[in-house]
$ cat protein34.cif   # mmCIF, C-alpha atoms
data_my_file
loop_
_atom_site.label_atom_id
_atom_site.label_comp_id
_atom_site.auth_asym_id
_atom_site.auth_seq_id
_atom_site.Cartn_x
_atom_site.Cartn_y
_atom_site.Cartn_z
CA MET A 1 43.14 58.92 -270.72
CA SER A 2 45.28 56.66 -268.51
CA VAL A 3 44.30 53.01 -268.06
CA ALA A 4 45.80 49.87 -266.51
CA PRO A 5 45.48 46.18 -267.40
CA SER A 6 43.81 45.27 -264.10
CA LEU A 7 42.64 46.73 -260.81
CA SER A 8 45.75 45.59 -258.98
CA ASP A 9 47.97 47.35 -261.51
CA LEU A 10 46.44 50.74 -260.77
CA PRO A 11 48.46 53.20 -258.69
CA ASP A 12 47.74 52.77 -254.97
CA HIS A 13 46.38 56.31 -254.74
CA ARG A 14 43.78 55.54 -257.45
CA ILE A 15 42.33 52.42 -255.82
CA PRO A 16 39.42 53.26 -253.48
CA LYS A 17 40.33 52.87 -249.84
CA ARG A 18 37.22 50.72 -249.22
CA LEU A 19 38.96 47.94 -251.15
CA ASN A 20 41.50 47.61 -248.32
CA ALA A 21 39.17 45.09 -246.76
CA TYR A 22 39.08 43.04 -249.97
CA GLY A 23 42.76 42.28 -250.31
CA ILE A 24 44.31 45.61 -251.31
CA PRO A 25 45.56 46.96 -247.97
CA ARG A 26 47.66 49.64 -249.68
CA ALA A 27 44.72 51.42 -251.38
CA ARG A 28 44.66 55.22 -250.85
CA GLY A 29 42.06 56.42 -253.34
CA PRO A 30 38.82 58.18 -252.39
CA ASN A 31 35.87 55.93 -251.69
CA SER A 32 33.76 57.96 -254.11
CA MET A 33 35.92 56.62 -256.94
CA ARG A 34 34.83 53.60 -259.02
CA ILE A 35 36.94 51.11 -260.92
CA TRP A 36 35.68 50.62 -264.47
CA ARG A 37 36.62 47.91 -266.96
CA MET A 38 36.32 47.90 -270.73
CA GLY A 39 36.61 44.65 -272.67
CA ASP A 40 38.55 41.51 -271.93
CA GLY A 41 41.19 41.60 -274.63
CA PRO A 42 44.93 41.62 -274.10
CA PHE A 43 46.55 44.83 -272.97
CA LEU A 44 48.43 45.60 -276.17
CA ASN A 45 49.00 48.48 -278.59
CA SER A 46 45.84 48.26 -280.68
CA PRO A 47 42.69 50.10 -281.80
CA ILE A 48 39.91 49.80 -279.24
CA VAL A 49 37.11 51.46 -281.27
CA ALA A 50 37.13 53.23 -284.62
CA ASP A 51 38.48 56.57 -283.37
CA LEU A 52 40.54 55.48 -280.37
CA ASN A 53 43.73 53.49 -279.86
CA LEU A 54 45.33 51.97 -276.83
CA ARG A 55 49.03 52.82 -276.65
CA LEU A 56 51.23 51.35 -273.99
CA ASP A 57 53.50 53.72 -272.12
CA PRO A 58 57.05 52.87 -273.26
CA ARG A 59 58.27 53.57 -269.70
CA ASP A 60 55.74 51.24 -268.10
CA PRO A 61 53.83 48.41 -269.87
CA LEU A 62 51.28 48.45 -267.03
CA HIS A 63 50.26 51.98 -267.97
CA GLY A 64 48.21 52.52 -271.11
CA LEU A 65 46.96 55.63 -272.88
CA VAL A 66 43.65 55.76 -274.68
CA GLU A 67 44.45 58.17 -277.51
CA PRO A 68 42.67 59.47 -280.63
CA ALA A 69 43.53 57.42 -283.73
CA THR A 70 44.34 60.63 -285.64
CA ILE A 71 45.02 64.22 -284.66
CA VAL A 72 41.65 65.75 -283.69
CA LYS A 73 40.34 68.67 -281.66
CA LEU A 74 39.88 68.12 -277.93
CA ASP A 75 36.06 68.16 -278.25
CA GLN A 76 36.14 65.38 -280.84
CA TYR A 77 38.41 63.30 -278.63
CA ARG A 78 36.06 63.79 -275.69
CA ARG A 79 33.07 62.79 -277.80
CA ALA A 80 34.89 59.68 -279.00
CA ILE A 81 35.50 58.66 -275.40
CA GLU A 82 31.88 59.44 -274.44
CA GLN A 83 30.71 57.12 -277.21
CA THR A 84 32.43 54.20 -275.51
CA ARG A 85 30.33 54.74 -272.41
CA GLU A 86 28.17 51.66 -272.91
CA LEU A 87 31.28 49.49 -273.10
CA TRP A 88 32.48 50.29 -269.58
CA VAL A 89 31.31 48.32 -266.53
CA ILE A 90 32.13 48.70 -262.87
CA ASP A 91 34.47 45.89 -261.90
CA GLU A 92 35.90 45.99 -258.41
CA VAL A 93 36.44 42.28 -257.97
CA VAL A 94 39.88 41.80 -256.44
CA MET B 1 63.95 60.39 -245.87
CA ALA B 2 63.75 57.92 -248.68
CA GLY B 3 66.45 55.55 -247.48
CA ARG B 4 67.88 53.22 -250.08
CA PHE B 5 65.58 54.65 -252.76
CA ALA B 6 66.66 58.23 -252.10
CA GLU B 7 68.39 58.54 -255.47
CA ASN B 8 65.10 58.41 -257.34
CA PRO B 9 63.40 61.84 -257.05
CA ASP B 10 60.10 60.24 -258.06
CA PHE B 11 60.33 57.93 -255.05
CA VAL B 12 61.11 60.85 -252.76
CA ALA B 13 58.18 62.85 -254.16
CA TYR B 14 55.74 59.93 -254.00
CA GLU B 15 56.72 59.09 -250.42
CA ARG B 16 56.27 62.73 -249.41
CA HIS B 17 52.80 62.86 -250.96
CA LEU B 18 51.89 59.50 -249.44
CA LEU B 19 52.78 60.78 -245.97
CA ARG B 20 50.67 63.87 -246.59
CA LEU B 21 47.78 61.69 -247.71
CA HIS B 22 48.20 59.69 -244.51
CA GLU B 23 48.06 62.92 -242.46
CA LEU B 24 44.88 63.99 -244.24
CA ASN B 25 43.37 60.55 -243.61
CA ALA B 26 44.29 60.81 -239.93
CA GLU B 27 42.52 64.18 -239.82
CA GLY B 28 39.41 62.62 -241.37
CA ARG B 29 40.01 64.44 -244.67
CA HIS B 30 40.62 61.43 -246.90
CA GLU B 31 37.85 62.52 -249.29
CA SER B 32 38.71 66.23 -249.27
CA GLU B 33 39.67 68.40 -252.22
CA GLU B 34 43.14 68.72 -250.77
CA ALA B 35 43.49 64.92 -250.72
CA ASP B 36 42.41 64.80 -254.37
CA HIS B 37 44.96 67.45 -255.19
CA VAL B 38 47.69 65.40 -253.47
CA ARG B 39 46.61 62.32 -255.48
CA ASP B 40 46.84 64.31 -258.71
CA GLN B 41 50.42 65.18 -257.76
CA MET B 42 51.19 61.50 -257.24
CA ASP B 43 50.35 60.41 -260.79
CA ALA B 44 53.55 61.62 -262.46
CA PRO B 45 56.01 60.28 -259.85
CA TRP B 46 54.21 56.91 -259.88
CA LEU B 47 55.24 56.41 -263.51
CA GLY B 48 58.88 56.92 -262.56
CA LEU B 49 58.89 54.17 -259.94
CA SER B 50 60.39 50.70 -260.37
CA HIS B 51 58.33 47.65 -259.38
CA GLU B 52 60.47 47.27 -256.27
CA GLU B 53 59.84 50.90 -255.32
CA ARG B 54 56.07 50.51 -255.92
CA ASP B 55 56.07 47.40 -253.81
CA TRP B 56 57.90 49.22 -251.03
CA LEU B 57 55.58 52.23 -251.10
CA GLY B 58 52.52 49.96 -251.22
CA GLY B 59 53.83 48.28 -248.08
CA LEU B 60 54.36 51.64 -246.43
CA SER B 61 50.86 52.73 -247.40
CA ALA B 62 49.42 49.57 -245.80
CA ASP B 63 51.58 49.99 -242.67
CA LEU B 64 50.50 53.60 -242.18
CA TYR B 65 46.90 52.42 -241.73
CA MET B 66 48.06 50.98 -238.41
CA LEU B 67 48.40 54.54 -237.11
CA THR B 68 44.73 55.25 -237.77
CA ASP B 69 43.51 51.86 -236.52
CA GLU B 70 42.51 50.82 -240.03
CA GLU B 71 45.15 48.20 -240.75
CA ILE B 72 43.92 45.02 -242.37
CA PRO B 73 46.43 42.16 -242.30
CA GLU B 74 47.25 40.30 -245.48
CA LYS B 75 44.97 37.40 -246.27
CA VAL B 76 46.93 34.35 -245.17
CA ASP B 77 46.08 31.05 -243.54
CA PRO B 78 45.64 31.74 -239.78
CA ALA B 79 48.30 29.09 -239.11
CA GLU B 80 50.79 31.30 -240.94
CA ARG B 81 50.34 34.02 -238.34
CA GLY B 82 51.52 31.96 -235.39
CA PRO B 83 54.91 31.68 -233.70
CA ASP B 84 55.68 28.30 -235.31
CA THR B 85 55.59 29.73 -238.80
CA LEU B 86 55.63 33.51 -238.82
CA GLY B 87 57.72 33.67 -235.64
CA ILE B 88 60.39 31.46 -237.20
CA ALA B 89 60.31 33.40 -240.46
CA LEU B 90 60.78 36.66 -238.53
CA SER B 91 63.69 35.21 -236.57
CA ASP B 92 65.33 33.99 -239.79
CA ALA B 93 64.93 37.41 -241.40
CA LYS B 94 66.42 39.05 -238.30
CA LEU B 95 69.41 36.69 -238.35
CA ARG B 96 70.00 37.55 -242.01
CA GLY B 97 69.65 41.27 -241.25
CA ASP B 98 66.85 41.45 -243.82
CA TRP B 99 64.88 44.35 -242.32
CA GLY B 100 62.73 44.76 -245.43
CA GLN B 101 61.58 41.15 -245.14
CA ILE B 102 60.69 41.72 -241.48
CA LEU B 103 58.46 44.64 -242.50
CA LYS B 104 56.80 42.42 -245.10
CA LEU B 105 56.24 39.58 -242.64
CA LEU B 106 54.72 41.91 -240.06
CA ARG B 107 51.96 42.69 -242.59
CA ARG B 108 50.65 39.16 -242.12
CA GLY B 109 49.50 40.20 -238.65
CA PRO B 110 51.50 38.10 -236.15
CA THR B 111 49.18 36.83 -233.43
CA PHE B 112 51.98 36.62 -230.87
CA PHE B 113 52.97 40.31 -230.91
CA PRO B 114 50.81 42.98 -229.27
CA LYS B 115 50.15 46.11 -231.28
CA PRO B 116 52.75 48.30 -229.50
CA THR B 117 55.45 45.73 -230.28
CA ILE B 118 54.53 45.71 -233.97
CA ALA B 119 54.60 49.51 -234.02
CA PHE B 120 57.99 49.54 -232.28
CA LEU B 121 59.43 46.95 -234.68
CA ARG B 122 58.17 48.92 -237.66
CA GLY B 123 59.78 52.06 -236.28
CA LEU B 124 63.03 50.25 -235.60
CA TYR B 125 63.30 48.63 -239.02
CA TYR B 126 62.15 51.63 -241.05
CA LEU B 127 64.88 53.49 -239.21
CA ARG B 128 67.50 50.84 -239.99
CA LEU B 129 66.49 51.01 -243.64
CA GLY B 130 67.11 54.75 -243.64
CA HIS B 131 63.58 56.14 -243.30
CA PRO B 132 63.73 58.11 -240.03
CA LYS B 133 60.69 60.28 -240.70
CA VAL B 134 58.53 57.20 -241.24
CA ALA B 135 60.17 55.47 -238.27
CA LEU B 136 59.25 58.36 -236.01
CA LEU B 137 55.54 57.98 -236.83
CA PHE B 138 55.55 54.36 -235.66
CA LEU B 139 57.71 55.02 -232.61
CA ASP B 140 55.48 57.87 -231.50
CA TYR B 141 52.44 55.66 -232.01
CA ALA B 142 54.03 52.88 -229.93
CA THR B 143 54.80 55.44 -227.20
CA THR B 144 51.17 56.55 -227.25
CA LEU B 145 50.02 52.97 -226.79
CA VAL B 146 52.50 52.21 -223.97
CA PRO B 147 53.68 55.51 -222.48
CA GLN B 148 55.73 53.73 -219.83
CA ASP B 149 57.89 51.98 -222.45
CA GLY B 150 61.11 53.99 -222.35
CA ASP B 151 62.74 52.21 -225.31
CA CYS B 152 60.32 53.70 -227.84
CA ALA B 153 60.69 57.19 -226.42
CA VAL B 154 64.49 56.90 -226.34
CA LEU B 155 64.59 55.76 -229.94
CA ALA B 156 62.19 58.51 -230.98
CA LEU B 157 64.46 61.09 -229.30
CA ASP B 158 67.39 59.69 -231.24
CA VAL B 159 65.44 59.86 -234.50
CA LEU B 160 64.53 63.50 -233.87
CA LYS B 161 68.24 64.23 -233.46
CA GLN B 162 69.04 62.37 -236.67
CA LEU B 163 66.46 64.51 -238.42
CA GLY B 164 68.10 67.65 -236.98
CA ARG B 165 64.92 68.49 -235.04
CA HIS B 166 66.86 69.35 -231.89
CA ASP B 167 64.34 71.86 -230.56
CA GLU B 168 61.64 69.22 -230.63
CA ALA B 169 63.99 66.68 -229.04
CA LEU B 170 64.83 69.16 -226.29
CA ALA B 171 61.16 69.91 -225.61
CA ARG B 172 60.44 66.19 -225.30
CA ALA B 173 63.52 65.67 -223.12
CA LYS B 174 62.35 68.38 -220.71
CA HIS B 175 58.90 66.83 -220.63
CA TYR B 176 60.32 63.39 -219.77
CA LEU B 177 62.53 64.88 -217.07
CA SER B 178 59.51 66.43 -215.40
CA ASP B 179 58.07 62.93 -214.91
CA PRO B 180 59.52 61.26 -211.79
CA ASN B 181 58.50 57.81 -213.02
CA VAL B 182 60.64 57.84 -216.12
CA GLY B 183 63.32 55.12 -216.15
CA LEU B 184 67.08 55.64 -216.13
CA SER B 185 67.66 55.06 -219.83
CA LEU B 186 65.10 57.63 -220.98
CA SER B 187 66.19 60.04 -218.23
CA VAL B 188 69.82 59.79 -219.23
CA HIS B 189 69.09 60.25 -222.93
CA SER B 190 66.90 63.22 -222.05
CA MET B 191 69.59 64.73 -219.84
CA SER B 192 72.10 64.23 -222.61
CA GLU B 193 69.82 66.29 -224.86
CA VAL B 194 69.58 69.04 -222.22
CA PHE B 195 73.38 68.89 -221.88
CA ARG B 196 73.77 69.15 -225.68
CA ALA B 197 71.60 72.26 -225.72
CA THR B 198 74.01 74.07 -223.37
CA ARG B 199 76.58 73.98 -226.16
CA SER B 200 74.99 77.01 -227.74
CA ILE B 201 74.74 79.15 -224.59
CA SER B 202 77.40 80.82 -222.45
CA GLU B 203 79.10 79.02 -219.59
CA GLU B 204 77.42 81.42 -217.18
CA GLU B 205 73.96 80.67 -218.56
CA ALA B 206 74.72 76.96 -218.63
CA LYS B 207 75.88 76.75 -215.01
CA PRO B 208 72.41 76.39 -213.43
CA VAL B 209 71.54 73.81 -216.07
CA TYR B 210 74.59 71.73 -215.08
CA GLU B 211 73.71 72.13 -211.40
CA GLY B 212 70.22 70.82 -212.14
CA LEU B 213 71.59 67.91 -214.15
CA ILE B 214 73.99 66.99 -211.34
CA VAL B 215 71.11 66.74 -208.87
CA SER B 216 68.94 64.75 -211.29
CA LEU B 217 71.73 62.39 -212.35
CA ARG B 218 72.73 61.67 -208.75
CA GLU B 219 69.16 60.99 -207.82
CA LYS B 220 68.60 58.68 -210.80
CA LEU B 221 71.88 56.86 -210.31
CA GLY B 222 71.11 56.42 -206.63
CA ARG B 223 67.90 54.65 -207.57
CA ALA B 224 69.26 52.71 -210.53
CA SER B 225 68.85 49.00 -210.02
CA ALA B 226 68.50 47.11 -213.26
CA CYS B 227 69.87 48.95 -216.23
CA ASP B 228 72.43 48.24 -218.89
CA PRO B 229 76.05 49.02 -217.96
CA GLU B 230 76.59 51.27 -221.02
CA THR B 231 73.78 53.57 -219.95
CA GLU B 232 74.96 53.68 -216.35
CA ALA B 233 78.58 54.32 -217.41
CA PHE B 234 77.40 57.08 -219.73
CA ALA B 235 75.33 58.60 -216.92
CA TYR B 236 78.48 58.82 -214.76
CA LEU B 237 80.41 60.33 -217.66
CA LEU B 238 77.69 62.94 -218.12
CA LEU B 239 77.70 63.62 -214.39
CA GLY B 240 81.48 64.03 -214.48
CA ALA B 241 81.28 66.53 -217.34
CA CYS B 242 78.63 68.59 -215.54
CA LEU B 243 80.69 68.61 -212.34
CA GLU B 244 83.77 69.61 -214.28
CA PHE B 245 81.94 72.47 -215.96
CA VAL B 246 80.99 73.92 -212.58
CA GLY B 247 84.56 73.51 -211.29
CA ARG B 248 84.02 70.57 -208.92
CA TYR B 249 87.01 68.65 -210.24
CA ASP B 250 87.42 66.12 -207.45
CA GLU B 251 83.82 65.03 -207.70
CA ALA B 252 84.12 64.99 -211.50
CA MET B 253 87.09 62.65 -211.22
CA GLY B 254 85.06 60.43 -208.92
CA ALA B 255 82.26 60.27 -211.46
CA TYR B 256 84.66 59.42 -214.28
CA ASN B 257 86.18 56.69 -212.10
CA SER B 258 82.71 55.28 -211.46
CA SER B 259 82.10 55.28 -215.20
CA THR B 260 85.27 53.39 -216.04
CA ALA B 261 84.63 50.95 -213.19
CA ILE B 262 81.31 49.94 -214.73
CA CYS B 263 82.48 49.32 -218.26
CA ARG B 264 85.36 50.19 -220.56
CA LEU B 265 83.86 53.40 -221.92
CA GLU B 266 86.70 54.87 -223.95
CA GLN B 267 85.37 58.42 -223.75
CA ALA B 268 85.39 58.26 -219.95
CA TYR B 269 89.10 57.43 -219.99
CA ILE B 270 89.71 60.37 -222.34
CA ALA B 271 87.71 62.70 -220.09
CA LYS B 272 89.62 61.47 -217.07
CA GLY B 273 92.99 62.05 -218.75
CA ALA B 274 92.02 65.54 -219.84
CA LEU B 275 90.79 66.42 -216.36
CA LEU B 276 93.98 65.12 -214.73
CA GLU B 277 96.02 67.33 -217.04
CA LYS B 278 93.84 70.33 -216.27
CA MET B 279 94.13 69.74 -212.54
CA ARG B 280 97.90 69.44 -212.79
CA GLU B 281 98.12 72.69 -214.74
CA ALA B 282 95.82 74.43 -212.29
CA GLY B 283 98.40 73.59 -209.63
CA GLY B 284 96.12 71.81 -207.29
CA VAL B 285 93.05 69.74 -206.84
CA GLY B 286 89.68 71.40 -206.90
CA SER B 287 90.76 74.85 -208.09
CA PRO B 288 88.16 76.67 -210.11
CA THR B 289 89.26 77.80 -213.55
CA SER B 290 90.82 81.25 -213.63
CA THR B 291 89.72 83.87 -216.12
CA ASP B 292 93.12 84.22 -217.78
CA ARG B 293 92.65 80.73 -219.17
CA LEU B 294 89.43 81.64 -220.92
CA ALA B 295 90.56 80.78 -224.43
CA ARG B 296 91.90 77.45 -223.29
CA ASN B 297 88.67 76.81 -221.42
CA LEU B 298 86.58 77.39 -224.49
CA ARG B 299 88.57 74.74 -226.34
CA ASP B 300 88.27 72.43 -223.33
CA ARG B 301 84.56 73.02 -223.22
CA GLU B 302 84.07 72.07 -226.86
CA ASN B 303 86.23 68.98 -226.37
CA ARG B 304 84.16 67.98 -223.39
CA PHE B 305 80.97 68.21 -225.45
CA ARG B 306 82.55 66.07 -228.13
CA ILE B 307 83.75 63.49 -225.61
CA VAL B 308 80.43 63.20 -223.83
CA LEU B 309 78.08 63.32 -226.79
CA ASN B 310 80.12 60.79 -228.75
CA ALA B 311 79.77 58.36 -225.89
CA GLU B 312 75.97 58.35 -225.81
CA PRO B 313 74.82 54.73 -225.71
CA PRO B 314 72.71 53.39 -228.58
CA PRO B 315 68.97 53.91 -228.03
CA VAL B 316 68.22 50.19 -228.29
CA ALA B 317 70.34 47.08 -228.25
CA ALA B 318 71.31 45.85 -231.73
#
$ encode --input "protein34.cif" --output "structure tokens"
Amino acid sequence: MSVAPSLSDLPDHRIPKRLNAYGIPRARGPNSMRIWRMGDGPFLNSPIVADLNLRLDPRDPLHGLVEPATIVKLDQYRRAIEQTRELWVIDEVV
Amino acid sequence: MAGRFAENPDFVAYERHLLRLHELNAEGRHESEEADHVRDQMDAPWLGLSHEERDWLGGLSADLYMLTDEEIPEKVDPAERGPDTLGIALSDAKLRGDWGQILKLLRRGPTFFPKPTIAFLRGLYYLRLGHPKVALLFLDYATTLVPQDGDCAVLALDVLKQLGRHDEALARAKHYLSDPNVGLSLSVHSMSEVFRATRSISEEEAKPVYEGLIVSLREKLGRASACDPETEAFAYLLLGACLEFVGRYDEAMGAYNSSTAICRLEQAYIAKGALLEKMREAGGVGSPTSTDRLARNLRDRENRFRIVLNAEPPPVAA
């Protein structure tokens, strides 16, 4: 799962267009999309919960990958992400 | 299409998808499945972009909203939008030849430029930075806002030619020529496009086209009052070439003389020299070309196209 350190670091085509009016005039994402935030820690290579790690993309430090901590089946990975659901909040403050 | 970033295939791909997304937005399909599919295709190229390229494409994305009346200027102090601040900054950037900076400054929403001017400037500077396809969108938009502004239409014609879209340029040229209110500059550029199109047809087929151009050029030149000397000189050169093609050498020479009298248009001198030589060889003034000189004529014809089309004045002053 791809993540970014902040709303403004997201690709233009993934930021909802309605945020144009709030200081992101380049936004091209669908308005049905929401921007979610998880935690306030630094955007670094580190575990984020027991089964998931954040790994920064070596090509781009503003692109992170939420990955399973060990090799698992796809279903287990999905479940691990689902279990973080309570930790995510909508945050569209520019 | 991608100008100075053309070497990065990810930039080229992202720009292409961004323009498609813009088209879908303009069609009211921003939230469609197709738009989502385009966005999915943009993820991979995005990762291959430098910060400078992302910044550039973000600026383009913001600028494109102008075309759908959804542009929101950058949040700046209103005082920074006026002629005393933004106007000076724009002039400085122009003096430095920093077209990218001009595009950035225009995003602040200058209060002293009407919308068509901003659209025209965007078209002009995207073009100068090597993005003709993008430039054309803004020039066409400016033309829509102020149809009587010939400069935008002339530049758009030139961009179409740069893009190799000659059929489209020709269709537009014919449309402009059907409007009696079109100014000399746009008329002449349009006629030049019609003239260019005769290159691919036989002399026989082209003859009525030249006859038509002669009538139109004479009429336009007869009414020309305030226009730049380069355009007027080019119009006479074009007239001379058309007259020469239909065998009216004396009149052609007169047109070339008028051209050189207006300004030192090198191609007009070359055309004049070539015509003088042809007239001497023909053994008299005003003789139509004989059939036994067909091969020579074909070479002459191609030369004439080269001479005339190379002399076309720039669409807008530098």
$ closest_residue --input "protein34.cif" --among "A:Leu62, A:Ile81, A:Ile90, A:Val49" --to "chain B" --atoms "all atoms listed in the file"
A:Leu62
$ residues_around --input "protein34.cif" --residues "stretch 303-305 of chain B" --least-positions-apart "3" --cutoff "8 Å" --atoms "all atoms listed in the file" --output "list in words"
Arg196, Arg199, Ala241, Ala271, Arg299, Asp300, Val308 and Leu309 of chain B
$ resolve_selection --input "protein34.cif" --expression "the PyMOL selection byres ((chain A and resi 32) around 10)" --output "PyMOL selection string"
(chain A and resi 16-18+29-31+33-34) or (chain B and resi 31)
$ write_last_selection --input "protein34.cif" --atoms "C-alpha atoms" --output "compact mmCIF listing (two decimals), keeping the file's coordinate frame"
# COMPACT_ATOMS: atom_id res chain seq x y z
CA PRO A 16 39.42 53.26 -253.48
CA LYS A 17 40.33 52.87 -249.84
CA ARG A 18 37.22 50.72 -249.22
CA GLY A 29 42.06 56.42 -253.34
CA PRO A 30 38.82 58.18 -252.39
CA ASN A 31 35.87 55.93 -251.69
CA MET A 33 35.92 56.62 -256.94
CA ARG A 34 34.83 53.60 -259.02
CA GLU B 31 37.85 62.52 -249.29
$ residues_near_point --input "protein34.cif" --point "(47.8, 62.9, -250.3)" --cutoff "12 Å" --atoms "all atoms listed in the file" --output "MDAnalysis selection string"
(chainID A and resid 12:14 27:30) or (chainID B and resid 13:27 29:43 61)
$ write_last_selection --input "protein34.cif" --atoms "C-alpha atoms" --output "PDB file, keeping the file's coordinate frame"
ATOM      1  CA  ASP A  12      47.740  52.770-254.970  1.00  0.00           C
ATOM      2  CA  HIS A  13      46.380  56.310-254.740  1.00  0.00           C
ATOM      3  CA  ARG A  14      43.780  55.540-257.450  1.00  0.00           C
ATOM      4  CA  ALA A  27      44.720  51.420-251.380  1.00  0.00           C
ATOM      5  CA  ARG A  28      44.660  55.220-250.850  1.00  0.00           C
ATOM      6  CA  GLY A  29      42.060  56.420-253.340  1.00  0.00           C
ATOM      7  CA  PRO A  30      38.820  58.180-252.390  1.00  0.00           C
TER       8      PRO A  30
ATOM      9  CA  ALA B  13      58.180  62.850-254.160  1.00  0.00           C
ATOM     10  CA  TYR B  14      55.740  59.930-254.000  1.00  0.00           C
ATOM     11  CA  GLU B  15      56.720  59.090-250.420  1.00  0.00           C
ATOM     12  CA  ARG B  16      56.270  62.730-249.410  1.00  0.00           C
ATOM     13  CA  HIS B  17      52.800  62.860-250.960  1.00  0.00           C
ATOM     14  CA  LEU B  18      51.890  59.500-249.440  1.00  0.00           C
ATOM     15  CA  LEU B  19      52.780  60.780-245.970  1.00  0.00           C
ATOM     16  CA  ARG B  20      50.670  63.870-246.590  1.00  0.00           C
ATOM     17  CA  LEU B  21      47.780  61.690-247.710  1.00  0.00           C
ATOM     18  CA  HIS B  22      48.200  59.690-244.510  1.00  0.00           C
ATOM     19  CA  GLU B  23      48.060  62.920-242.460  1.00  0.00           C
ATOM     20  CA  LEU B  24      44.880  63.990-244.240  1.00  0.00           C
ATOM     21  CA  ASN B  25      43.370  60.550-243.610  1.00  0.00           C
ATOM     22  CA  ALA B  26      44.290  60.810-239.930  1.00  0.00           C
ATOM     23  CA  GLU B  27      42.520  64.180-239.820  1.00  0.00           C
ATOM     24  CA  ARG B  29      40.010  64.440-244.670  1.00  0.00           C
ATOM     25  CA  HIS B  30      40.620  61.430-246.900  1.00  0.00           C
ATOM     26  CA  GLU B  31      37.850  62.520-249.290  1.00  0.00           C
ATOM     27  CA  SER B  32      38.710  66.230-249.270  1.00  0.00           C
ATOM     28  CA  GLU B  33      39.670  68.400-252.220  1.00  0.00           C
ATOM     29  CA  GLU B  34      43.140  68.720-250.770  1.00  0.00           C
ATOM     30  CA  ALA B  35      43.490  64.920-250.720  1.00  0.00           C
ATOM     31  CA  ASP B  36      42.410  64.800-254.370  1.00  0.00           C
ATOM     32  CA  HIS B  37      44.960  67.450-255.190  1.00  0.00           C
ATOM     33  CA  VAL B  38      47.690  65.400-253.470  1.00  0.00           C
ATOM     34  CA  ARG B  39      46.610  62.320-255.480  1.00  0.00           C
ATOM     35  CA  ASP B  40      46.840  64.310-258.710  1.00  0.00           C
ATOM     36  CA  GLN B  41      50.420  65.180-257.760  1.00  0.00           C
ATOM     37  CA  MET B  42      51.190  61.500-257.240  1.00  0.00           C
ATOM     38  CA  ASP B  43      50.350  60.410-260.790  1.00  0.00           C
ATOM     39  CA  SER B  61      50.860  52.730-247.400  1.00  0.00           C
TER      40      SER B  61
END
$ closest_residue --input "protein34.cif" --among "A:Asp51, A:Arg59, A:Ser6, A:Gly39" --to "chain B" --atoms "all atoms listed in the file"
A:Arg59
$ atom_distance --input "protein34.cif" --atom1 "atom CA of B:Ile214" --atom2 "atom CA of B:Gln267"
18.9 Å
$ resolve_selection --input "protein34.cif" --expression "the PyMOL selection byres ((chain A and resi 20-22) around 10)" --output "PyMOL selection string"
(chain A and resi 15-19+23-28+92-94) or (chain B and resi 62+65+70-75)
$ axis_aligned_box --input "protein34.cif" --around "stretch 157-174 of chain B" --padding-each-side "8 Å" --output "lines of an AutoDock Vina configuration file"
center_x = 64.7
center_y = 65.8
center_z = -229.6
size_x = 24.6
size_y = 28.2
size_z = 33.7
$ residues_around --input "protein34.cif" --residues "B:Tyr236" --least-positions-apart "4" --cutoff "12 Å" --atoms "all atoms listed in the file" --output "number ranges by chain"
B: 184, 188, 191-192, 213-214, 216-222, 224, 229-232, 240-243, 251-263, 265, 267-269, 271-272, 308, 311-312
$ resolve_selection --input "protein34.cif" --expression "the PyMOL selection byres ((chain B and resi 164-168) around 12)" --output "PyMOL selection string"
chain B and resi 132-133+136+156-163+169-175+190+192-197+200
$ closest_residue --input "protein34.cif" --among "B:Asp98, B:Asp63, B:Glu52, B:Asp10" --to "chain A" --atoms "all atoms listed in the file"
B:Asp63
$ residues_near_point --input "protein34.cif" --point "(32.2, 54.7, -272.6)" --cutoff "12 Å" --atoms "all atoms listed in the file" --output "ChimeraX atom specification"
/A:1,36-39,48-49,52,66,78-90
$ closest_residue --input "protein34.cif" --among "B:Lys278, B:Pro315, B:Gly82, B:Asp69" --to "B:Leu127" --atoms "all atoms listed in the file"
B:Pro315
$ atom_distance --input "protein34.cif" --atom1 "atom CA of B:Gly109" --atom2 "atom CA of B:Leu121"
12.6 Å
$ atom_distance --input "protein34.cif" --atom1 "atom CA of B:Ser178" --atom2 "atom CA of B:Arg223"
16.4 Å
$ residues_around --input "protein34.cif" --residues "B:Val316" --least-positions-apart "2" --cutoff "8 Å" --atoms "all atoms listed in the file" --output "ChimeraX atom specification"
/B:151,154-155,314,318
$ residues_around --input "protein34.cif" --residues "A:Gly64" --least-positions-apart "6" --cutoff "7 Å" --atoms "all atoms listed in the file" --output "ChimeraX atom specification"
/A:2-4,54-57
$ closest_residue --input "protein34.cif" --among "A:Phe43, A:Leu7, A:Ile35, A:Asp75" --to "A:Pro61" --atoms "only C-alpha atoms"
A:Phe43
